[in-house]
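S.K.: Following this line is upload23.pdb, made up of PDB, C-alpha atoms:
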```pdb
MODEL        1
ATOM      1  CA  MET A 211     -33.542 -43.978   6.381
ATOM      2  CA  ALA A 212     -33.698 -47.749   6.815
ATOM      3  CA  PRO A 213     -37.123 -49.206   6.057
ATOM      4  CA  MET A 214     -38.788 -50.587   9.182
ATOM      5  CA  SER A 215     -39.013 -54.348   9.709
ATOM      6  CA  VAL A 216     -42.264 -56.104   8.932
ATOM      7  CA  ARG A 217     -43.140 -58.131  12.013
ATOM      8  CA  SER A 218     -45.298 -61.209  11.653
ATOM      9  CA  ASP A 219     -46.430 -63.460  14.484
ATOM     10  CA  ASP A 220     -48.659 -65.884  12.587
ATOM     11  CA  THR A 221     -45.995 -68.521  11.974
ATOM     12  CA  ASP A 222     -46.726 -72.003  10.768
ATOM     13  CA  GLU A 223     -47.165 -74.256  13.811
ATOM     14  CA  LYS A 224     -45.623 -77.256  12.009
ATOM     15  CA  ASN A 225     -42.506 -75.338  11.050
ATOM     16  CA  THR A 226     -40.322 -75.341  14.168
ATOM     17  CA  ALA A 227     -37.988 -72.555  12.968
ATOM     18  CA  PRO A 228     -39.984 -69.610  11.579
ATOM     19  CA  HIS A 229     -38.317 -67.409   8.958
ATOM     20  CA  ARG A 230     -36.711 -64.344  10.484
ATOM     21  CA  ALA A 231     -35.757 -61.091   8.792
ATOM     22  CA  GLY A 232     -34.658 -57.739  10.073
ATOM     23  CA  PHE A 233     -32.036 -55.060  10.394
ATOM     24  CA  ALA A 234     -28.767 -55.154  12.305
ATOM     25  CA  CYS A 235     -26.205 -52.419  12.541
ATOM     26  CA  PHE A 236     -22.599 -52.451  13.619
ATOM     27  CA  VAL A 237     -21.498 -49.524  15.738
ATOM     28  CA  GLY A 238     -18.162 -48.596  17.186
ATOM     29  CA  ARG A 239     -15.659 -45.829  17.079
ATOM     30  CA  PRO A 240     -14.108 -45.014  13.692
ATOM     31  CA  ASN A 241     -11.889 -47.796  12.310
ATOM     32  CA  ALA A 242     -13.229 -50.484  14.683
ATOM     33  CA  GLY A 243     -13.655 -52.965  11.820
ATOM     34  CA  LYS A 244     -17.364 -52.414  11.066
ATOM     35  CA  SER A 245     -17.130 -52.192   7.268
ATOM     36  CA  THR A 246     -14.683 -55.113   6.994
ATOM     37  CA  LEU A 247     -17.083 -57.270   9.011
ATOM     38  CA  THR A 248     -20.045 -56.225   6.810
ATOM     39  CA  ASN A 249     -18.107 -57.185   3.664
ATOM     40  CA  ALA A 250     -16.996 -60.522   5.130
ATOM     41  CA  LEU A 251     -20.570 -61.448   6.097
ATOM     42  CA  VAL A 252     -22.128 -60.478   2.770
ATOM     43  CA  GLY A 253     -19.247 -61.988   0.802
ATOM     44  CA  GLN A 254     -18.976 -59.044  -1.574
ATOM     45  CA  LYS A 255     -17.530 -55.602  -1.221
ATOM     46  CA  VAL A 256     -20.456 -53.335  -0.354
ATOM     47  CA  ALA A 257     -19.133 -50.955   2.320
ATOM     48  CA  ILE A 258     -16.060 -48.828   1.676
ATOM     49  CA  THR A 259     -13.063 -49.976   3.761
ATOM     50  CA  SER A 260      -9.997 -47.843   4.334
ATOM     51  CA  ASN A 261      -7.325 -47.580   7.021
ATOM     52  CA  ARG A 262      -8.403 -43.993   7.405
ATOM     53  CA  PRO A 263     -11.145 -43.668  10.067
ATOM     54  CA  GLN A 264     -14.502 -42.086   9.189
ATOM     55  CA  THR A 265     -14.698 -43.161   5.557
ATOM     56  CA  THR A 266     -18.221 -44.591   5.570
ATOM     57  CA  ARG A 267     -20.559 -41.663   5.074
ATOM     58  CA  HIS A 268     -23.626 -43.429   3.721
ATOM     59  CA  THR A 269     -25.811 -46.017   5.369
ATOM     60  CA  VAL A 270     -24.850 -48.969   3.183
ATOM     61  CA  ARG A 271     -26.986 -52.058   3.621
ATOM     62  CA  GLY A 272     -25.452 -55.446   2.997
ATOM     63  CA  ILE A 273     -27.880 -58.376   2.851
ATOM     64  CA  VAL A 274     -27.068 -61.865   4.150
ATOM     65  CA  HIS A 275     -29.426 -64.471   2.637
ATOM     66  CA  ARG A 276     -30.020 -67.748   4.489
ATOM     67  CA  PRO A 277     -32.750 -70.360   3.837
ATOM     68  CA  ASP A 278     -34.388 -69.539   7.183
ATOM     69  CA  ALA A 279     -33.452 -65.884   7.550
ATOM     70  CA  GLN A 280     -32.467 -62.609   5.987
ATOM     71  CA  LEU A 281     -30.070 -60.357   7.865
ATOM     72  CA  ILE A 282     -29.881 -56.802   6.538
ATOM     73  CA  LEU A 283     -26.758 -55.002   7.690
ATOM     74  CA  VAL A 284     -26.917 -51.261   8.041
ATOM     75  CA  ASP A 285     -23.441 -49.790   8.148
ATOM     76  CA  THR A 286     -23.230 -46.448   9.945
ATOM     77  CA  PRO A 287     -20.368 -43.959  10.165
ATOM     78  CA  GLY A 288     -18.296 -44.184  13.351
ATOM     79  CA  LEU A 289     -19.801 -42.198  16.205
ATOM     80  CA  HIS A 290     -17.351 -39.617  17.547
ATOM     81  CA  LYS A 291     -17.216 -36.257  19.324
ATOM     82  CA  PRO A 292     -18.153 -33.927  16.436
ATOM     83  CA  ARG A 293     -15.858 -31.060  15.450
ATOM     84  CA  THR A 294     -17.673 -29.938  12.306
ATOM     85  CA  LEU A 295     -21.222 -29.702  10.995
ATOM     86  CA  LEU A 296     -20.506 -32.839   8.930
ATOM     87  CA  GLY A 297     -19.492 -34.604  12.163
ATOM     88  CA  GLU A 298     -22.790 -33.612  13.811
ATOM     89  CA  ARG A 299     -24.808 -34.806  10.803
ATOM     90  CA  LEU A 300     -22.983 -38.152  10.834
ATOM     91  CA  ASN A 301     -23.741 -38.607  14.545
ATOM     92  CA  ASP A 302     -27.440 -37.874  13.919
ATOM     93  CA  VAL A 303     -27.457 -40.518  11.171
ATOM     94  CA  VAL A 304     -26.017 -43.028  13.667
ATOM     95  CA  ARG A 305     -28.586 -42.353  16.385
ATOM     96  CA  THR A 306     -31.515 -42.468  13.934
ATOM     97  CA  THR A 307     -30.263 -45.818  12.642
ATOM     98  CA  TRP A 308     -29.906 -47.270  16.154
ATOM     99  CA  ALA A 309     -33.514 -46.412  16.945
ATOM    100  CA  GLU A 310     -34.766 -48.298  13.878
ATOM    101  CA  VAL A 311     -32.828 -51.564  13.839
ATOM    102  CA  ASP A 312     -33.684 -54.922  15.444
ATOM    103  CA  VAL A 313     -30.226 -55.682  16.856
ATOM    104  CA  ILE A 314     -27.000 -53.705  17.420
ATOM    105  CA  GLY A 315     -23.492 -55.157  17.127
ATOM    106  CA  PHE A 316     -20.961 -53.079  19.089
ATOM    107  CA  CYS A 317     -17.518 -53.528  17.469
ATOM    108  CA  LEU A 318     -14.487 -53.222  19.749
ATOM    109  CA  PRO A 319     -10.997 -53.951  18.370
ATOM    110  CA  ALA A 320      -9.092 -56.619  20.328
ATOM    111  CA  ASP A 321      -5.758 -54.853  19.846
ATOM    112  CA  GLN A 322      -6.734 -51.601  21.611
ATOM    113  CA  LYS A 323      -7.696 -51.176  25.265
ATOM    114  CA  LEU A 324     -11.171 -49.745  25.874
ATOM    115  CA  GLY A 325     -10.871 -45.974  25.641
ATOM    116  CA  PRO A 326     -12.994 -42.838  26.050
ATOM    117  CA  GLY A 327     -14.380 -43.297  22.501
ATOM    118  CA  ASP A 328     -15.746 -46.754  23.340
ATOM    119  CA  ARG A 329     -17.167 -45.503  26.640
ATOM    120  CA  PHE A 330     -18.830 -42.552  24.845
ATOM    121  CA  ILE A 331     -20.635 -44.991  22.493
ATOM    122  CA  ALA A 332     -21.454 -47.498  25.264
ATOM    123  CA  LYS A 333     -23.156 -44.713  27.267
ATOM    124  CA  GLU A 334     -25.266 -43.829  24.211
ATOM    125  CA  LEU A 335     -26.100 -47.532  23.745
ATOM    126  CA  ALA A 336     -27.181 -47.832  27.378
ATOM    127  CA  GLU A 337     -29.901 -45.232  26.613
ATOM    128  CA  ILE A 338     -31.438 -47.512  23.959
ATOM    129  CA  LYS A 339     -33.163 -49.998  26.241
ATOM    130  CA  LYS A 340     -35.231 -52.285  23.995
ATOM    131  CA  THR A 341     -32.782 -53.187  21.217
ATOM    132  CA  PRO A 342     -30.648 -56.309  21.932
ATOM    133  CA  LYS A 343     -26.899 -55.628  21.840
ATOM    134  CA  VAL A 344     -24.089 -58.012  20.879
ATOM    135  CA  ALA A 345     -20.479 -57.070  21.706
ATOM    136  CA  ILE A 346     -18.227 -58.081  18.787
ATOM    137  CA  VAL A 347     -14.490 -58.160  19.491
ATOM    138  CA  THR A 348     -12.853 -57.517  16.093
ATOM    139  CA  LYS A 349      -9.271 -57.893  14.807
ATOM    140  CA  THR A 350      -8.566 -60.914  17.057
ATOM    141  CA  ASP A 351      -5.883 -62.041  14.563
ATOM    142  CA  LEU A 352      -3.697 -59.185  15.889
ATOM    143  CA  VAL A 353      -3.500 -60.359  19.537
ATOM    144  CA  ASP A 354      -2.536 -63.387  21.661
ATOM    145  CA  SER A 355      -5.100 -65.328  23.717
ATOM    146  CA  LYS A 356      -4.171 -63.604  27.014
ATOM    147  CA  THR A 357      -4.804 -60.111  25.573
ATOM    148  CA  LEU A 358      -8.069 -61.343  24.044
ATOM    149  CA  ALA A 359      -9.240 -62.803  27.382
ATOM    150  CA  GLU A 360      -8.472 -59.488  29.133
ATOM    151  CA  GLN A 361     -10.472 -57.586  26.501
ATOM    152  CA  LEU A 362     -13.482 -59.924  26.873
ATOM    153  CA  ILE A 363     -13.456 -59.410  30.663
ATOM    154  CA  ALA A 364     -13.142 -55.606  30.230
ATOM    155  CA  ILE A 365     -16.175 -55.550  27.879
ATOM    156  CA  ASP A 366     -18.233 -57.649  30.294
ATOM    157  CA  GLN A 367     -17.349 -55.212  33.103
ATOM    158  CA  LEU A 368     -18.165 -52.166  30.950
ATOM    159  CA  GLY A 369     -21.646 -53.621  30.359
ATOM    160  CA  ARG A 370     -22.225 -54.219  34.089
ATOM    161  CA  GLU A 371     -21.029 -50.726  34.948
ATOM    162  CA  LEU A 372     -23.391 -49.000  32.472
ATOM    163  CA  GLY A 373     -26.322 -51.386  32.864
ATOM    164  CA  ILE A 374     -26.015 -52.919  29.373
ATOM    165  CA  GLU A 375     -26.958 -56.570  29.195
ATOM    166  CA  TRP A 376     -24.961 -58.055  26.302
ATOM    167  CA  ALA A 377     -26.992 -60.678  24.429
ATOM    168  CA  GLU A 378     -23.601 -62.184  23.462
ATOM    169  CA  ILE A 379     -19.897 -61.308  23.517
ATOM    170  CA  VAL A 380     -18.196 -62.805  20.462
ATOM    171  CA  PRO A 381     -14.549 -62.610  19.256
ATOM    172  CA  VAL A 382     -14.090 -62.431  15.471
ATOM    173  CA  SER A 383     -11.460 -61.872  12.801
ATOM    174  CA  ALA A 384     -13.076 -60.787   9.530
ATOM    175  CA  VAL A 385      -9.692 -60.819   7.798
ATOM    176  CA  GLY A 386      -9.000 -64.442   8.648
ATOM    177  CA  ASP A 387     -12.724 -65.291   8.302
ATOM    178  CA  LYS A 388     -12.629 -66.607  11.886
ATOM    179  CA  GLN A 389     -16.106 -66.867  13.393
ATOM    180  CA  VAL A 390     -17.622 -64.427  10.886
ATOM    181  CA  GLN A 391     -20.527 -66.785  10.167
ATOM    182  CA  LEU A 392     -20.941 -67.281  13.914
ATOM    183  CA  VAL A 393     -21.737 -63.554  14.162
ATOM    184  CA  ALA A 394     -24.610 -64.078  11.691
ATOM    185  CA  ASP A 395     -25.723 -67.181  13.662
ATOM    186  CA  LEU A 396     -25.923 -65.104  16.854
ATOM    187  CA  LEU A 397     -27.643 -62.068  15.299
ATOM    188  CA  ILE A 398     -30.353 -63.970  13.389
ATOM    189  CA  PRO A 399     -32.251 -65.397  16.443
ATOM    190  CA  LEU A 400     -32.533 -61.813  17.740
ATOM    191  CA  LEU A 401     -34.455 -60.731  14.598
ATOM    192  CA  PRO A 402     -38.270 -60.635  14.439
ATOM    193  CA  LYS A 403     -40.236 -63.382  12.681
ATOM    194  CA  SER A 404     -40.837 -62.061   9.199
ATOM    195  CA  PRO A 405     -40.897 -63.102   5.546
ATOM    196  CA  PRO A 406     -37.861 -61.955   3.467
ATOM    197  CA  LEU A 407     -37.818 -58.165   3.034
ATOM    198  CA  TYR A 408     -35.651 -58.184  -0.104
ATOM    199  CA  PRO A 409     -35.575 -60.381  -3.241
ATOM    200  CA  GLU A 410     -33.094 -63.279  -3.211
ATOM    201  CA  GLY A 411     -29.814 -62.232  -4.820
ATOM    202  CA  ASP A 412     -29.936 -58.580  -3.734
ATOM    203  CA  LEU A 413     -26.766 -57.756  -1.826
ATOM    204  CA  THR A 414     -27.388 -54.093  -1.111
ATOM    205  CA  ASP A 415     -30.169 -51.593  -1.768
ATOM    206  CA  GLU A 416     -27.757 -48.667  -1.997
ATOM    207  CA  PRO A 417     -28.246 -46.843  -5.334
ATOM    208  CA  GLU A 418     -25.519 -47.820  -7.797
ATOM    209  CA  GLN A 419     -24.394 -44.218  -8.255
ATOM    210  CA  VAL A 420     -23.707 -43.867  -4.531
ATOM    211  CA  MET A 421     -21.712 -47.118  -4.479
ATOM    212  CA  VAL A 422     -19.699 -46.052  -7.528
ATOM    213  CA  ALA A 423     -18.936 -42.710  -5.817
ATOM    214  CA  GLU A 424     -17.799 -44.592  -2.694
ATOM    215  CA  LEU A 425     -15.422 -46.795  -4.726
ATOM    216  CA  ILE A 426     -13.874 -43.728  -6.397
ATOM    217  CA  ARG A 427     -13.562 -42.001  -3.004
ATOM    218  CA  GLU A 428     -11.872 -45.071  -1.534
ATOM    219  CA  ALA A 429      -9.325 -45.159  -4.383
ATOM    220  CA  ALA A 430      -8.748 -41.393  -4.021
ATOM    221  CA  LEU A 431      -8.068 -41.778  -0.280
ATOM    222  CA  GLU A 432      -5.677 -44.653  -0.915
ATOM    223  CA  GLY A 433      -2.825 -42.543  -2.239
ATOM    224  CA  VAL A 434      -3.250 -39.430  -0.105
ATOM    225  CA  ARG A 435      -4.511 -40.582   3.276
ATOM    226  CA  ASP A 436      -1.763 -38.752   5.175
ATOM    227  CA  GLU A 437      -2.149 -35.470   3.322
ATOM    228  CA  LEU A 438      -5.941 -35.236   2.924
ATOM    229  CA  PRO A 439      -7.647 -36.982   5.836
ATOM    230  CA  HIS A 440     -11.354 -36.296   5.180
ATOM    231  CA  SER A 441     -11.556 -33.496   2.664
ATOM    232  CA  ILE A 442     -12.585 -35.649  -0.300
ATOM    233  CA  ALA A 443     -16.178 -36.027  -1.517
ATOM    234  CA  VAL A 444     -17.216 -37.674  -4.787
ATOM    235  CA  VAL A 445     -20.373 -37.040  -6.792
ATOM    236  CA  VAL A 446     -21.271 -39.165  -9.821
ATOM    237  CA  GLU A 447     -22.864 -36.721 -12.258
ATOM    238  CA  GLU A 448     -24.086 -39.315 -14.745
ATOM    239  CA  MET A 449     -23.879 -42.961 -15.764
ATOM    240  CA  ILE A 450     -25.028 -43.573 -19.340
ATOM    241  CA  PRO A 451     -24.546 -46.504 -21.750
ATOM    242  CA  ARG A 452     -22.388 -45.470 -24.734
ATOM    243  CA  GLU A 453     -24.538 -45.201 -27.850
ATOM    244  CA  GLY A 454     -23.955 -47.278 -30.967
ATOM    245  CA  ARG A 455     -22.107 -50.124 -29.212
ATOM    246  CA  PRO A 456     -22.771 -53.741 -30.295
ATOM    247  CA  ALA A 457     -24.959 -55.644 -27.797
ATOM    248  CA  ASP A 458     -22.119 -58.012 -26.872
ATOM    249  CA  ARG A 459     -19.651 -55.128 -26.219
ATOM    250  CA  PRO A 460     -21.481 -52.556 -24.100
ATOM    251  CA  LEU A 461     -19.651 -49.638 -22.478
ATOM    252  CA  LEU A 462     -20.897 -47.485 -19.617
ATOM    253  CA  ASP A 463     -19.748 -43.842 -19.508
ATOM    254  CA  ILE A 464     -19.386 -42.568 -15.936
ATOM    255  CA  HIS A 465     -18.696 -38.891 -15.294
ATOM    256  CA  ALA A 466     -17.713 -38.048 -11.714
ATOM    257  CA  ASN A 467     -16.361 -35.058  -9.812
ATOM    258  CA  VAL A 468     -13.885 -35.377  -6.958
ATOM    259  CA  TYR A 469     -14.392 -32.430  -4.585
ATOM    260  CA  ILE A 470     -11.718 -31.069  -2.277
ATOM    261  CA  GLU A 471     -11.845 -28.133   0.137
ATOM    262  CA  ARG A 472      -8.925 -25.961  -0.974
ATOM    263  CA  PRO A 473      -7.164 -25.137  -4.276
ATOM    264  CA  SER A 474      -3.824 -26.190  -2.699
ATOM    265  CA  GLN A 475      -5.137 -29.766  -2.426
ATOM    266  CA  LYS A 476      -5.724 -30.029  -6.178
ATOM    267  CA  GLY A 477      -2.104 -30.850  -6.955
ATOM    268  CA  ILE A 478      -2.044 -33.582  -4.302
ATOM    269  CA  ILE A 479      -5.012 -35.395  -5.866
ATOM    270  CA  ILE A 480      -3.926 -34.919  -9.468
ATOM    271  CA  GLY A 481      -0.234 -35.743  -8.844
ATOM    272  CA  PRO A 482       2.757 -34.979 -11.097
ATOM    273  CA  LYS A 483       1.540 -34.847 -14.734
ATOM    274  CA  GLY A 484      -1.830 -36.255 -13.627
ATOM    275  CA  SER A 485      -0.247 -39.557 -12.527
ATOM    276  CA  ARG A 486      -2.137 -39.901  -9.250
ATOM    277  CA  LEU A 487      -5.572 -39.137 -10.684
ATOM    278  CA  LYS A 488      -4.863 -41.659 -13.441
ATOM    279  CA  GLU A 489      -4.081 -44.293 -10.804
ATOM    280  CA  VAL A 490      -7.291 -43.442  -8.899
ATOM    281  CA  GLY A 491      -9.225 -43.909 -12.144
ATOM    282  CA  MET A 492      -7.593 -47.257 -12.953
ATOM    283  CA  LYS A 493      -8.053 -48.656  -9.427
ATOM    284  CA  SER A 494     -11.654 -47.596  -8.994
ATOM    285  CA  ARG A 495     -12.609 -48.622 -12.539
ATOM    286  CA  LYS A 496     -11.608 -52.226 -11.778
ATOM    287  CA  HIS A 497     -13.867 -52.311  -8.689
ATOM    288  CA  ILE A 498     -16.727 -50.519 -10.499
ATOM    289  CA  GLU A 499     -16.616 -52.996 -13.388
ATOM    290  CA  ALA A 500     -16.710 -55.899 -10.904
ATOM    291  CA  LEU A 501     -19.669 -54.289  -9.107
ATOM    292  CA  LEU A 502     -21.701 -53.471 -12.228
ATOM    293  CA  GLY A 503     -20.570 -56.401 -14.369
ATOM    294  CA  THR A 504     -19.920 -54.235 -17.423
ATOM    295  CA  PRO A 505     -16.914 -52.436 -19.017
ATOM    296  CA  VAL A 506     -16.698 -48.801 -17.924
ATOM    297  CA  PHE A 507     -15.209 -45.580 -19.274
ATOM    298  CA  LEU A 508     -14.500 -43.380 -16.248
ATOM    299  CA  ASP A 509     -14.152 -39.614 -16.627
ATOM    300  CA  LEU A 510     -12.862 -37.925 -13.440
ATOM    301  CA  HIS A 511     -12.585 -34.201 -12.727
ATOM    302  CA  VAL A 512     -11.180 -32.553  -9.590
ATOM    303  CA  LYS A 513     -13.107 -29.517  -8.304
ATOM    304  CA  VAL A 514     -12.796 -27.216  -5.300
ATOM    305  CA  ALA A 515     -15.819 -26.842  -2.966
ATOM    306  CA  LYS A 516     -14.483 -24.431  -0.374
ATOM    307  CA  ASP A 517     -14.732 -25.748   3.234
ATOM    308  CA  TRP A 518     -17.593 -28.070   2.249
ATOM    309  CA  GLN A 519     -17.521 -29.949   5.576
ATOM    310  CA  ARG A 520     -18.659 -26.828   7.442
ATOM    311  CA  ASP A 521     -21.135 -25.384   4.932
ATOM    312  CA  PRO A 522     -24.771 -26.660   5.183
ATOM    313  CA  LYS A 523     -25.546 -25.690   1.553
ATOM    314  CA  GLN A 524     -22.558 -27.566   0.159
ATOM    315  CA  LEU A 525     -23.187 -30.586   2.430
ATOM    316  CA  ARG A 526     -26.699 -30.851   0.968
ATOM    317  CA  ARG A 527     -25.390 -30.576  -2.588
ATOM    318  CA  LEU A 528     -22.802 -33.299  -1.933
ATOM    319  CA  GLY A 529     -25.487 -35.622  -0.572
ATOM    320  CA  PHE A 530     -25.065 -35.317   3.204
TER     321      PHE A 530
ENDMDL
END
```
Any chance you could put this one into structure tokens?
M.R.:
Amino acid sequence: MAPMSVRSDDTDEKNTAPHRAGFACFVGRPNAGKSTLTNALVGQKVAITSNRPQTTRHTVRGIVHRPDAQLILVDTPGLHKPRTLLGERLNDVVRTTWAEVDVIGFCLPADQKLGPGDRFIAKELAEIKKTPKVAIVTKTDLVDSKTLAEQLIAIDQLGRELGIEWAEIVPVSAVGDKQVQLVADLLIPLLPKSPPLYPEGDLTDEPEQVMVAELIREAALEGVRDELPHSIAVVVEEMIPREGRPADRPLLDIHANVYIERPSQKGIIIGPKGSRLKEVGMKSRKHIEALLGTPVFLDLHVKVAKDWQRDPKQLRRLGF
């Protein structure tokens, strides 16, 4: 659960702009560009991004440091009509997060007309009265100015219809870095006055093991997104420095299990003669080494956890 903001009203009279710090979360239907926006704002890869919807399962916090402010981004899974127990748990995570943050950014892709999924989320947002809401129109690099203008008008109307007063409506392209910093500029004034909540230099407070698992999961999804939509979970069993290495050549041993739901999926993940699993290992190792700043030996095993998305016991064991 996200720590609550520390609010402080005793600001220095002489200082015209008090320091602000607090939590913001981006919401939107799956694949609305939330994780890409988080990464662009923080400037480092902290949330898993994939073209497959529903890949963010953990509340990853990215931290934007500014001299006068600290914006902590809480990235939630996409809210959707749940079909499994996992789906219901993810939706609960979203609602809990919304109740605890200082500002909500509602992400709506510019290249898709507002649909039932957006309306479903907007109705939920309308219930949360006190938290300021900013509508963020993502993926603007994919449309012309006429389509963008129509989308902005549609979002304004949706707000009027449901009684949501948008603090701002802002178009953004995280891929082209267009207006990404403007999003931070608009969110920061909506945060409470507060000293920094995290040390300078921290980019995320997500435990390293969870982030490593996410990077492996992202690489595993990469090759098989059509065949295995959501049936992959990754658990890092241990991360231990290799003994007897010289100080200037450390090596970190990481042992991780990739869980799938059915034995028939094993071959898909492993690939002919283990080629696909090898590729997953190589890809994720590169990202893990960049994240941890140390050479890594990655040991991956594929295991079957039957129908884990529907089984409460297994969900708990896999960290949900």
S.K.: Could you please determine the separation between CA of Ala466 (chain A) and CA of Lys513 (chain A) in Å, to one decimal place?
M.R.: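 If I compute the distance from CA of Ala466 (chain A) to CA of Lys513 (chain A), I get 10.3 Å.
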S.K.: With distances taken over only C-alpha atoms, which residue among A:Glu432, A:Glu360, A:Glu499, A:Glu471 lies nearest Asp521 (chain A)?
M.R.: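 Nearest to Asp521 (chain A): A:Glu471.
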S.K.: Using all atoms listed in the file, which protein or nucleic acid residues come within 12 Å of Val514 (chain A)? Drop anything in the same chain fewer than 6 positions from it, and give the result as a ChimeraX atom specification.
M.R.: /A:441-444,467-477,479,524
S.K.: Written as a PyMOL selection string, which residues does the PyMOL selection byres ((chain A and resi 309) around 12) give for the file shown?
M.R.: chain A and resi 211-214+233-235+302-308+310-314+334-335+337-342
S.K.: Considering all atoms listed in the file, can you say which of A:Ala423, A:Leu510, A:Val347, A:Leu407 comes closest to Ala231 (chain A)?
M.R.: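 Smallest separation from Ala231 (chain A) among the options: A:Leu407.
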S.K.: State, in Å with one decimal place, the distance from CA of Ala430 (chain A) to CA of Asp328 (chain A).
M.R.: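 Interatomic distance here is 28.7 Å.
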S.K.: Give as a list of chain:residue names the residues that the PyMOL selection byres ((chain A and resi 371-382) around 6) matches when applied to the coordinates above.
M.R.: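 Matching residues under the PyMOL selection byres ((chain A and resi 371-382) around 6) are A:Ala336, A:Lys343, A:Val344, A:Ala345, A:Ile346, A:Val347, A:Thr348, A:Thr350, A:Leu368, A:Gly369, A:Arg370, A:Ser383, A:Lys388, A:Gln389.
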S.K.: Care to translate the PyMOL selection byres ((chain A and resi 487) around 12) into actual residues of this file, as an NGL selection string?
M.R.: :A and (426-427 or 429-434 or 467-468 or 476-486 or 488-495 or 508-512)
S.K.: May I have the residues from that selection written out with C-alpha atoms, as a PDB file, keeping the file's coordinate frame?
M.R.:
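Saved file selection06.pdb follows:
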```
ATOM      1  CA  ILE A 426     -13.874 -43.728  -6.397  1.00  0.00           C
ATOM      2  CA  ARG A 427     -13.562 -42.001  -3.004  1.00  0.00           C
ATOM      3  CA  ALA A 429      -9.325 -45.159  -4.383  1.00  0.00           C
ATOM      4  CA  ALA A 430      -8.748 -41.393  -4.021  1.00  0.00           C
ATOM      5  CA  LEU A 431      -8.068 -41.778  -0.280  1.00  0.00           C
ATOM      6  CA  GLU A 432      -5.677 -44.653  -0.915  1.00  0.00           C
ATOM      7  CA  GLY A 433      -2.825 -42.543  -2.239  1.00  0.00           C
ATOM      8  CA  VAL A 434      -3.250 -39.430  -0.105  1.00  0.00           C
ATOM      9  CA  ASN A 467     -16.361 -35.058  -9.812  1.00  0.00           C
ATOM     10  CA  VAL A 468     -13.885 -35.377  -6.958  1.00  0.00           C
ATOM     11  CA  LYS A 476      -5.724 -30.029  -6.178  1.00  0.00           C
ATOM     12  CA  GLY A 477      -2.104 -30.850  -6.955  1.00  0.00           C
ATOM     13  CA  ILE A 478      -2.044 -33.582  -4.302  1.00  0.00           C
ATOM     14  CA  ILE A 479      -5.012 -35.395  -5.866  1.00  0.00           C
ATOM     15  CA  ILE A 480      -3.926 -34.919  -9.468  1.00  0.00           C
ATOM     16  CA  GLY A 481      -0.234 -35.743  -8.844  1.00  0.00           C
ATOM     17  CA  PRO A 482       2.757 -34.979 -11.097  1.00  0.00           C
ATOM     18  CA  LYS A 483       1.540 -34.847 -14.734  1.00  0.00           C
ATOM     19  CA  GLY A 484      -1.830 -36.255 -13.627  1.00  0.00           C
ATOM     20  CA  SER A 485      -0.247 -39.557 -12.527  1.00  0.00           C
ATOM     21  CA  ARG A 486      -2.137 -39.901  -9.250  1.00  0.00           C
ATOM     22  CA  LYS A 488      -4.863 -41.659 -13.441  1.00  0.00           C
ATOM     23  CA  GLU A 489      -4.081 -44.293 -10.804  1.00  0.00           C
ATOM     24  CA  VAL A 490      -7.291 -43.442  -8.899  1.00  0.00           C
ATOM     25  CA  GLY A 491      -9.225 -43.909 -12.144  1.00  0.00           C
ATOM     26  CA  MET A 492      -7.593 -47.257 -12.953  1.00  0.00           C
ATOM     27  CA  LYS A 493      -8.053 -48.656  -9.427  1.00  0.00           C
ATOM     28  CA  SER A 494     -11.654 -47.596  -8.994  1.00  0.00           C
ATOM     29  CA  ARG A 495     -12.609 -48.622 -12.539  1.00  0.00           C
ATOM     30  CA  LEU A 508     -14.500 -43.380 -16.248  1.00  0.00           C
ATOM     31  CA  ASP A 509     -14.152 -39.614 -16.627  1.00  0.00           C
ATOM     32  CA  LEU A 510     -12.862 -37.925 -13.440  1.00  0.00           C
ATOM     33  CA  HIS A 511     -12.585 -34.201 -12.727  1.00  0.00           C
ATOM     34  CA  VAL A 512     -11.180 -32.553  -9.590  1.00  0.00           C
TER      35      VAL A 512
END
```
S.K.: Can you measure CA of Gly315 (chain A) to CA of Val237 (chain A) for me? One decimal in Å is fine.
M.R.: 6.1 Å
